[in-house]
Amino acid sequence: MICEDSGLMILSHEQAEIYRKQGWKAADLHVHTLCSPDVIPDRSMHPATLYHRAKERGMDFVTFTDHDTVRAYDLLTGELDGLVTGVEMRIKDLDLAGHTIHVNVYDLSVEQFLELKEISEQGDLRSFINYLVKNNLPYIYNHPLWFEHKERPNLAAIPDLVRLFPVLEYNMHRVHRKNEITMALARRYKKGLAASTDSHAGNLGKVYTLSHGDSFREFFENICNGSSYIVVKDLTKLDIIQEMNRWIELIFSPDIPGETKEYSLGVGYLDKIISILSGETIRSFPWICKAAQRASHKISNSGLPALLYLRSEGAHLPEIEEKLSNILR
């Protein structure tokens, strides 16, 4: 799927409604369920619940892109209108990239997922991409300027990586400048652009992509060709506070199992605090649990964790600006 052009047009929610009345379709193409290892397993994060929420919020196509698993689709029953299989896969090719990248793949079978998983575990990105192309699978380069915790990115490889993908992601959980640079990369290399929430707490559909297409394949092909629009929202301090408060509610929900699970907000010490709060030991003492919940909300509402997250998001920006200066002119 080669992109021929890329207008990268951004619409407001009000403008998008006009296009939708004219038959344009909407989709949030990056959503996580309780099947992802870093999502709290509350029943509000069940794929069936999220599917209906997506439909209520006007999404014509619904996909779940859990980390390296397609188990969400085993939890769904019946014929669900507009449902598209999806997965977010991690791959670290030390020769070609040097750091881990995340790729969303859509409309794939279980057998194709297992074959892709085997290739990804070998760390061979070219073989991975070749498989996607050979099997005509839609795929997106997720948050090209986000890097895993404690991993040193090879920024010089970014342009070469971008060339391998038909579509780049405008991610709601990245700071505005990172998304701005992603848009510049898409323009430079004539790639499509898709906007998504990358939701880990059920806040799907806040941003989305608009495109024509009676089928998902037609919808995605038009994104590749630049015949699409994005409806976006950039990350703010208030967004992070609201997200953290939502996580706190989920962590202390009586509907989740009393087991320790690895959750991640992408900030090392915050993840450790969340791990402690969600552990089985603290949950066995209700009064401590309530006190911890109140304290957690107080810390979250202070805005300090949000500011630290924004600071961590901007950590590589000066280096990114320098390495990609020729592209950004």
# chains A, B, ... in the order shown; residues from 1 in each chain; ligands from 1
$ residues_around --residues "range 75-90 of chain A" --least-positions-apart "2" --cutoff "8 Å" --atoms "only C-alpha atoms" --output "PDB file with C-alpha atoms, in the first residue's frame"
ATOM      1  CA  PRO A  47     -13.636  -5.661  24.592  1.00  0.00           C
ATOM      2  CA  ALA A  48     -17.447  -5.967  24.404  1.00  0.00           C
ATOM      3  CA  ASP A  60     -17.870   3.235  12.154  1.00  0.00           C
ATOM      4  CA  PHE A  61     -14.939   0.816  12.318  1.00  0.00           C
ATOM      5  CA  VAL A  62     -13.797  -0.570  15.679  1.00  0.00           C
ATOM      6  CA  THR A  63     -10.481  -2.282  16.268  1.00  0.00           C
ATOM      7  CA  PHE A  64      -8.560  -3.383  19.361  1.00  0.00           C
ATOM      8  CA  THR A  65      -4.785  -3.260  19.215  1.00  0.00           C
ATOM      9  CA  ASP A  66      -3.553  -4.978  22.345  1.00  0.00           C
ATOM     10  CA  HIS A  67       0.153  -5.527  22.897  1.00  0.00           C
ATOM     11  CA  ASP A  68       1.293  -8.672  21.083  1.00  0.00           C
ATOM     12  CA  THR A  69      -2.019 -10.505  21.494  1.00  0.00           C
ATOM     13  CA  VAL A  70      -5.324 -10.925  19.644  1.00  0.00           C
ATOM     14  CA  ARG A  71      -7.079 -12.490  22.644  1.00  0.00           C
ATOM     15  CA  ALA A  72      -9.641  -9.656  22.744  1.00  0.00           C
ATOM     16  CA  TYR A  73     -11.404 -11.195  19.768  1.00  0.00           C
ATOM     17  CA  LYS A  92      13.509  -4.440  17.922  1.00  0.00           C
ATOM     18  CA  THR A 100      12.107  -0.901  19.675  1.00  0.00           C
ATOM     19  CA  ILE A 101       9.298   0.278  17.433  1.00  0.00           C
ATOM     20  CA  HIS A 102       5.578  -0.425  17.679  1.00  0.00           C
ATOM     21  CA  VAL A 103       3.499  -1.427  14.666  1.00  0.00           C
ATOM     22  CA  ASN A 104      -0.278  -1.725  14.411  1.00  0.00           C
ATOM     23  CA  VAL A 105      -1.480  -4.455  12.034  1.00  0.00           C
ATOM     24  CA  TYR A 106      -5.122  -4.843  10.971  1.00  0.00           C
ATOM     25  CA  ASP A 107      -7.513  -7.321   9.395  1.00  0.00           C
ATOM     26  CA  LEU A 108      -5.259 -10.292  10.126  1.00  0.00           C
ATOM     27  CA  SER A 109      -6.063 -13.891  11.033  1.00  0.00           C
ATOM     28  CA  LYS A 117       4.947 -12.828  16.230  1.00  0.00           C
ATOM     29  CA  SER A 120       9.044 -10.012  15.450  1.00  0.00           C
ATOM     30  CA  PHE A 216     -12.204  -1.211   6.164  1.00  0.00           C
TER      31      PHE A 216
END
$ closest_atom_pairs --of "range 182-271 of chain A" --to "range 13-27 of chain A" --cutoff "9 Å" --atoms "only C-alpha atoms" --output "JSON lines"
{"residue": "A:Ala195", "atom": "CA", "partner": "A:Ala27", "partner_atom": "CA", "distance": 8.8}
{"residue": "A:Ser196", "atom": "CA", "partner": "A:Ala27", "partner_atom": "CA", "distance": 8.2}
{"residue": "A:Gly205", "atom": "CA", "partner": "A:Ala27", "partner_atom": "CA", "distance": 7.5}
{"residue": "A:Val207", "atom": "CA", "partner": "A:Ala27", "partner_atom": "CA", "distance": 8.7}
{"residue": "A:Tyr208", "atom": "CA", "partner": "A:Ala27", "partner_atom": "CA", "distance": 5.5}
{"residue": "A:Thr209", "atom": "CA", "partner": "A:Ala27", "partner_atom": "CA", "distance": 5.5}
{"residue": "A:Leu210", "atom": "CA", "partner": "A:Ala26", "partner_atom": "CA", "distance": 4.7}
{"residue": "A:Ser211", "atom": "CA", "partner": "A:Lys25", "partner_atom": "CA", "distance": 5.4}
{"residue": "A:His212", "atom": "CA", "partner": "A:Trp24", "partner_atom": "CA", "distance": 5.0}
{"residue": "A:Gly213", "atom": "CA", "partner": "A:Lys25", "partner_atom": "CA", "distance": 7.0}
{"residue": "A:Asp214", "atom": "CA", "partner": "A:Lys25", "partner_atom": "CA", "distance": 8.4}
{"residue": "A:Phe219", "atom": "CA", "partner": "A:Lys25", "partner_atom": "CA", "distance": 7.6}
{"residue": "A:Ser228", "atom": "CA", "partner": "A:Trp24", "partner_atom": "CA", "distance": 9.0}
{"residue": "A:Tyr229", "atom": "CA", "partner": "A:Ala16", "partner_atom": "CA", "distance": 8.4}
{"residue": "A:Ile230", "atom": "CA", "partner": "A:Ala16", "partner_atom": "CA", "distance": 8.6}
{"residue": "A:Val231", "atom": "CA", "partner": "A:His13", "partner_atom": "CA", "distance": 6.4}
{"residue": "A:Val232", "atom": "CA", "partner": "A:His13", "partner_atom": "CA", "distance": 8.5}
$ write_last_selection --atoms "C-alpha atoms" --output "PDB file, in the first residue's frame"
ATOM      1  CA  ALA A 195      -5.059  10.052  14.484  1.00  0.00           C
ATOM      2  CA  SER A 196      -5.686   7.779  17.448  1.00  0.00           C
ATOM      3  CA  GLY A 205     -12.845   8.117  20.212  1.00  0.00           C
ATOM      4  CA  VAL A 207      -9.520  11.717  18.395  1.00  0.00           C
ATOM      5  CA  TYR A 208     -10.005   9.750  15.205  1.00  0.00           C
ATOM      6  CA  THR A 209      -9.475   9.477  11.471  1.00  0.00           C
ATOM      7  CA  LEU A 210     -12.076  10.286   8.804  1.00  0.00           C
ATOM      8  CA  SER A 211     -11.985   8.546   5.448  1.00  0.00           C
ATOM      9  CA  HIS A 212     -14.239   7.173   2.715  1.00  0.00           C
ATOM     10  CA  GLY A 213     -14.822   3.451   2.354  1.00  0.00           C
ATOM     11  CA  ASP A 214     -17.639   0.942   2.521  1.00  0.00           C
ATOM     12  CA  PHE A 219     -11.131   3.128   4.343  1.00  0.00           C
ATOM     13  CA  SER A 228      -8.583  11.458   4.620  1.00  0.00           C
ATOM     14  CA  TYR A 229      -8.814  13.867   7.534  1.00  0.00           C
ATOM     15  CA  ILE A 230      -7.798  13.685  11.170  1.00  0.00           C
ATOM     16  CA  VAL A 231      -9.623  15.041  14.198  1.00  0.00           C
ATOM     17  CA  VAL A 232      -7.019  15.655  16.886  1.00  0.00           C
TER      18      VAL A 232
END
$ closest_residue --among "A:Ile320, A:His99, A:Asn154, A:His46" --to "Leu34 in chain A" --atoms "only C-alpha atoms"
A:His46
$ residues_around --residues "Leu193 in chain A" --least-positions-apart "3" --cutoff "7 Å" --atoms "only C-alpha atoms" --output "PyMOL selection string"
chain A and resi 8+167-170+186+223
$ residues_around --residues "Glu321 in chain A" --least-positions-apart "6" --cutoff "12 Å" --atoms "only C-alpha atoms" --output "ChimeraX atom specification"
/A:145,155-156,177-178,180-182,184,314-315,327-329
$ write_last_selection --atoms "N, CA and C atoms" --output "PDB file, in the first residue's frame"
ATOM      1  N   LEU A 145       8.016   8.921  17.387  1.00  0.00           N
ATOM      2  CA  LEU A 145       8.964   9.653  18.228  1.00  0.00           C
ATOM      3  C   LEU A 145       8.783   9.332  19.708  1.00  0.00           C
ATOM      4  N   LEU A 155      17.974   8.020  16.569  1.00  0.00           N
ATOM      5  CA  LEU A 155      17.163   9.013  15.862  1.00  0.00           C
ATOM      6  C   LEU A 155      17.527   9.117  14.386  1.00  0.00           C
ATOM      7  N   ALA A 156      18.779   8.813  14.044  1.00  0.00           N
ATOM      8  CA  ALA A 156      19.208   8.894  12.650  1.00  0.00           C
ATOM      9  C   ALA A 156      18.472   7.875  11.777  1.00  0.00           C
ATOM     10  N   ARG A 177       4.489  19.032  19.891  1.00  0.00           N
ATOM     11  CA  ARG A 177       5.647  19.158  19.001  1.00  0.00           C
ATOM     12  C   ARG A 177       6.025  17.812  18.373  1.00  0.00           C
ATOM     13  N   LYS A 178       5.891  16.725  19.115  1.00  0.00           N
ATOM     14  CA  LYS A 178       6.195  15.407  18.549  1.00  0.00           C
ATOM     15  C   LYS A 178       5.213  15.073  17.421  1.00  0.00           C
ATOM     16  N   GLU A 180       3.646  17.271  15.655  1.00  0.00           N
ATOM     17  CA  GLU A 180       3.956  18.216  14.583  1.00  0.00           C
ATOM     18  C   GLU A 180       5.092  17.681  13.717  1.00  0.00           C
ATOM     19  N   ILE A 181       6.105  17.123  14.365  1.00  0.00           N
ATOM     20  CA  ILE A 181       7.246  16.556  13.633  1.00  0.00           C
ATOM     21  C   ILE A 181       6.809  15.311  12.854  1.00  0.00           C
ATOM     22  N   THR A 182       5.938  14.508  13.451  1.00  0.00           N
ATOM     23  CA  THR A 182       5.402  13.343  12.745  1.00  0.00           C
ATOM     24  C   THR A 182       4.671  13.769  11.484  1.00  0.00           C
ATOM     25  N   ALA A 184       5.289  16.466   9.772  1.00  0.00           N
ATOM     26  CA  ALA A 184       6.314  16.918   8.827  1.00  0.00           C
ATOM     27  C   ALA A 184       6.953  15.720   8.121  1.00  0.00           C
ATOM     28  N   GLY A 314       9.093  15.362  26.625  1.00  0.00           N
ATOM     29  CA  GLY A 314       9.924  16.300  25.870  1.00  0.00           C
ATOM     30  C   GLY A 314      11.412  16.043  25.987  1.00  0.00           C
ATOM     31  N   ALA A 315      11.779  14.947  26.662  1.00  0.00           N
ATOM     32  CA  ALA A 315      13.187  14.697  26.964  1.00  0.00           C
ATOM     33  C   ALA A 315      14.071  14.636  25.727  1.00  0.00           C
ATOM     34  N   ILE A 327      14.864  17.844   7.519  1.00  0.00           N
ATOM     35  CA  ILE A 327      13.489  17.500   7.157  1.00  0.00           C
ATOM     36  C   ILE A 327      12.511  18.565   7.621  1.00  0.00           C
ATOM     37  N   LEU A 328      12.814  19.173   8.781  1.00  0.00           N
ATOM     38  CA  LEU A 328      11.874  20.089   9.418  1.00  0.00           C
ATOM     39  C   LEU A 328      11.960  21.504   8.884  1.00  0.00           C
ATOM     40  N   ARG A 329      12.894  21.788   7.986  1.00  0.00           N
ATOM     41  CA  ARG A 329      13.026  23.159   7.449  1.00  0.00           C
ATOM     42  C   ARG A 329      11.854  23.511   6.551  1.00  0.00           C
TER      43      ARG A 329
END
$ residues_around --residues "Leu125 in chain A" --least-positions-apart "2" --cutoff "10 Å" --atoms "only C-alpha atoms" --output "list of chain:residue names"
A:Ile91, A:Lys92, A:Asp93, A:Leu94, A:Asp95, A:Leu96, A:Ala97, A:Ile101, A:Ile119, A:Ser120, A:Glu121, A:Gln122, A:Gly123, A:Ser127, A:Phe128, A:Ile129, A:Asn130, A:Tyr131, A:Leu161, A:Leu164
$ write_last_selection --atoms "C-alpha atoms" --output "mmCIF file, in the first residue's frame"
data_model
loop_
_atom_site.group_PDB
_atom_site.id
_atom_site.type_symbol
_atom_site.label_atom_id
_atom_site.label_comp_id
_atom_site.auth_asym_id
_atom_site.auth_seq_id
_atom_site.Cartn_x
_atom_site.Cartn_y
_atom_site.Cartn_z
ATOM 1 C CA ILE A 91 9.892 -5.341 17.213
ATOM 2 C CA LYS A 92 13.509 -4.440 17.922
ATOM 3 C CA ASP A 93 15.781 -4.701 14.912
ATOM 4 C CA LEU A 94 19.255 -3.852 16.204
ATOM 5 C CA ASP A 95 20.719 -3.447 12.718
ATOM 6 C CA LEU A 96 17.982 -1.480 10.967
ATOM 7 C CA ALA A 97 16.527 0.562 13.831
ATOM 8 C CA ILE A 101 9.298 0.278 17.433
ATOM 9 C CA ILE A 119 9.248 -12.866 12.932
ATOM 10 C CA SER A 120 9.044 -10.012 15.450
ATOM 11 C CA GLU A 121 10.740 -12.131 18.115
ATOM 12 C CA GLN A 122 13.626 -12.654 15.684
ATOM 13 C CA GLY A 123 14.051 -8.873 15.447
ATOM 14 C CA SER A 127 11.102 -9.666 6.982
ATOM 15 C CA PHE A 128 8.254 -8.377 9.126
ATOM 16 C CA ILE A 129 7.380 -5.646 6.597
ATOM 17 C CA ASN A 130 7.826 -8.046 3.674
ATOM 18 C CA TYR A 131 5.310 -10.410 5.276
ATOM 19 C CA LEU A 161 11.990 3.621 9.195
ATOM 20 C CA LEU A 164 8.949 1.440 5.261
#
$ atom_distance --atom1 "CA of His32 in chain A" --atom2 "CA of His200 in chain A"
5.2 Å
$ atom_distance --atom1 "CA of Ser300 in chain A" --atom2 "CA of Ser312 in chain A"
16.3 Å
$ atom_distance --atom1 "CA of Met9 in chain A" --atom2 "CA of Pro144 in chain A"
19.2 Å
$ select_by_dssp --residues "range 74-134 of chain A" --states "helix (DSSP H, G or I)" --output "ChimeraX atom specification"
/A:74-75,110-121,125-134
